[in-house]
Amino acid sequence: MFFVGRGARPPKPVAQKRMDMKMNIGVISDTHGLLKPAVIKALEISDFILHAGDVGGPEVLEILQGIAPTRCVRGNMDGGSWSKKLPLTDMVELGGKYFYLVHDLNTLDIDPLSAGVAAVISGHTHRSALWLDQGVLYLNPGSASYGRRGNPSSLARIEISNGQINPWIVPLES
């Protein structure tokens, strides 16, 4: 292989490039047709958005797609012909890591560790949660529309940098 030009160097291998990249992922769930201005503002820096279901309508997905590429699963409250296009579960690779989306964690249908999944993203409860189990991240961003039992509405952010996943919950203003 030849490289032309003064100081020309071969490109970095793809695997190394993935480890060096930095990616910002917005994680939301349970919008129920409502995208508050605080949600849109918090997602503006996202390179990608993951939505864990109970979208509430196709207009929500259109707005999210206008912010960043978006993957979404169908929640138990998503009805109508538009929602039949959404899968019940989904797996996506971002920043060299696999993310598994499911609306209700109680319906998880894989063993994330065996499947090589780095993070399981769920919703349904309207309560944020974040924990590690055997090296797999479990993240529920809470509800981006309505909190429950005194919990504020919230979303989550994930930064992937140098091959590491760094998640946090973002409480939202009313």
# chains A, B, ... in the order shown; residues from 1 in each chain; ligands from 1
call {"tool": "residues_around", "arguments": {"residues": "Leu155 (chain A)", "least_positions_apart": "2", "cutoff": "12 Å", "atoms": "only C-alpha atoms", "output": "PDB file with C-alpha atoms, in the first residue's frame"}}
result
ATOM      1  CA  ILE A  25     -25.601   9.383  23.616  1.00  0.00           C
ATOM      2  CA  GLY A  26     -28.924  10.746  24.855  1.00  0.00           C
ATOM      3  CA  VAL A  27     -31.156   8.149  26.532  1.00  0.00           C
ATOM      4  CA  ILE A  28     -34.875   8.753  27.083  1.00  0.00           C
ATOM      5  CA  SER A  29     -38.041   6.826  27.740  1.00  0.00           C
ATOM      6  CA  ASP A  30     -41.717   7.313  28.445  1.00  0.00           C
ATOM      7  CA  THR A  31     -42.220  10.576  26.576  1.00  0.00           C
ATOM      8  CA  LEU A  35     -41.120  16.557  24.527  1.00  0.00           C
ATOM      9  CA  LYS A  36     -40.485  19.339  27.038  1.00  0.00           C
ATOM     10  CA  ALA A  38     -35.688  20.927  28.721  1.00  0.00           C
ATOM     11  CA  VAL A  39     -35.577  17.494  27.036  1.00  0.00           C
ATOM     12  CA  ILE A  40     -34.816  18.958  23.620  1.00  0.00           C
ATOM     13  CA  LYS A  41     -32.124  21.218  25.108  1.00  0.00           C
ATOM     14  CA  ALA A  42     -30.503  18.319  26.992  1.00  0.00           C
ATOM     15  CA  LEU A  43     -30.429  16.170  23.848  1.00  0.00           C
ATOM     16  CA  ILE A  49     -30.442   9.018  20.839  1.00  0.00           C
ATOM     17  CA  LEU A  50     -31.834   5.816  22.365  1.00  0.00           C
ATOM     18  CA  HIS A  51     -35.548   5.783  23.288  1.00  0.00           C
ATOM     19  CA  ALA A  52     -36.800   2.926  25.495  1.00  0.00           C
ATOM     20  CA  ILE A 121     -31.516   0.307  28.312  1.00  0.00           C
ATOM     21  CA  SER A 122     -35.088   0.089  29.645  1.00  0.00           C
ATOM     22  CA  GLY A 123     -37.935   2.348  30.746  1.00  0.00           C
ATOM     23  CA  HIS A 126     -40.930   6.311  35.220  1.00  0.00           C
ATOM     24  CA  ARG A 127     -38.137   6.050  37.828  1.00  0.00           C
ATOM     25  CA  SER A 128     -34.494   6.436  36.921  1.00  0.00           C
ATOM     26  CA  ALA A 129     -32.074   3.674  37.859  1.00  0.00           C
ATOM     27  CA  LEU A 130     -28.451   2.935  37.104  1.00  0.00           C
ATOM     28  CA  LEU A 139     -29.899   2.010  32.764  1.00  0.00           C
ATOM     29  CA  ASN A 140     -33.442   3.298  33.092  1.00  0.00           C
ATOM     30  CA  PRO A 141     -33.470   7.030  32.291  1.00  0.00           C
ATOM     31  CA  GLY A 142     -36.808   7.550  34.033  1.00  0.00           C
ATOM     32  CA  SER A 143     -39.623   9.356  32.281  1.00  0.00           C
ATOM     33  CA  ALA A 144     -38.836  12.359  30.115  1.00  0.00           C
ATOM     34  CA  SER A 145     -42.475  13.450  30.516  1.00  0.00           C
ATOM     35  CA  TYR A 146     -43.894  12.571  33.940  1.00  0.00           C
ATOM     36  CA  GLY A 147     -42.070  11.289  37.016  1.00  0.00           C
ATOM     37  CA  ASN A 151     -39.439  11.336  41.292  1.00  0.00           C
ATOM     38  CA  PRO A 152     -38.787  14.178  38.844  1.00  0.00           C
ATOM     39  CA  SER A 153     -38.914  13.651  35.109  1.00  0.00           C
ATOM     40  CA  ARG A 157     -26.607  10.675  29.118  1.00  0.00           C
ATOM     41  CA  ILE A 158     -23.862   8.275  28.196  1.00  0.00           C
ATOM     42  CA  PRO A 167     -23.487   7.140  32.261  1.00  0.00           C
ATOM     43  CA  TRP A 168     -25.383   9.624  34.423  1.00  0.00           C
ATOM     44  CA  ILE A 169     -28.988  10.628  35.131  1.00  0.00           C
ATOM     45  CA  VAL A 170     -30.155  14.148  34.274  1.00  0.00           C
ATOM     46  CA  PRO A 171     -33.125  15.414  36.351  1.00  0.00           C
ATOM     47  CA  LEU A 172     -35.313  17.772  34.315  1.00  0.00           C
ATOM     48  CA  GLU A 173     -36.981  21.029  35.237  1.00  0.00           C
TER      49      GLU A 173
END
call {"tool": "atom_distance", "arguments": {"atom1": "CA of Ala118 (chain A)", "atom2": "CA of Tyr98 (chain A)"}}
result
5.4 Å
call {"tool": "select_by_dssp", "arguments": {"residues": "chain A", "states": "strand (DSSP E)", "output": "PyMOL selection string"}}
result
chain A and resi 22-28+48-51+70-72+89-94+97-102+119-121+128-133+136-141+154-161+164-171
call {"tool": "closest_atom_pairs", "arguments": {"of": "region 107-147 of chain A", "to": "region 90-95 of chain A", "cutoff": "12 Å", "atoms": "only C-alpha atoms", "output": "tab-separated table"}}
result
residue	atom	partner	partner_atom	distance
A:Leu108	CA	A:Asp90	CA	11.1
A:Asp109	CA	A:Asp90	CA	11.0
A:Ile110	CA	A:Met91	CA	11.0
A:Pro112	CA	A:Met91	CA	10.6
A:Ala115	CA	A:Met91	CA	10.3
A:Gly116	CA	A:Met91	CA	10.8
A:Val117	CA	A:Met91	CA	8.5
A:Ala118	CA	A:Glu93	CA	9.6
A:Ala119	CA	A:Met91	CA	9.9
A:Val120	CA	A:Met91	CA	9.2
A:Ile121	CA	A:Asp90	CA	9.8
A:Ser122	CA	A:Asp90	CA	10.9
call {"tool": "write_last_selection", "arguments": {"atoms": "C-alpha atoms", "output": "JSON list (two decimals), in the first residue's frame"}}
result
[["chain", "number", "residue", "atom", "x", "y", "z"],
["A", 108, "LEU", "CA", -35.70, -9.02, 28.98],
["A", 109, "ASP", "CA", -35.34, -11.98, 26.61],
["A", 110, "ILE", "CA", -31.56, -12.40, 26.39],
["A", 112, "PRO", "CA", -26.78, -9.69, 28.18],
["A", 115, "ALA", "CA", -24.65, -11.80, 24.16],
["A", 116, "GLY", "CA", -21.74, -9.40, 24.60],
["A", 117, "VAL", "CA", -24.02, -6.50, 25.55],
["A", 118, "ALA", "CA", -22.34, -3.62, 27.37],
["A", 119, "ALA", "CA", -25.58, -1.90, 28.43],
["A", 120, "VAL", "CA", -29.28, -2.73, 28.76],
["A", 121, "ILE", "CA", -31.52, 0.31, 28.31],
["A", 122, "SER", "CA", -35.09, 0.09, 29.65]]
call {"tool": "select_by_dssp", "arguments": {"residues": "region 15-126 of chain A", "states": "helix (DSSP H, G or I)", "output": "ChimeraX atom specification"}}
result
/A:15-20,37-43,58-67,81-85,105-107,112-115
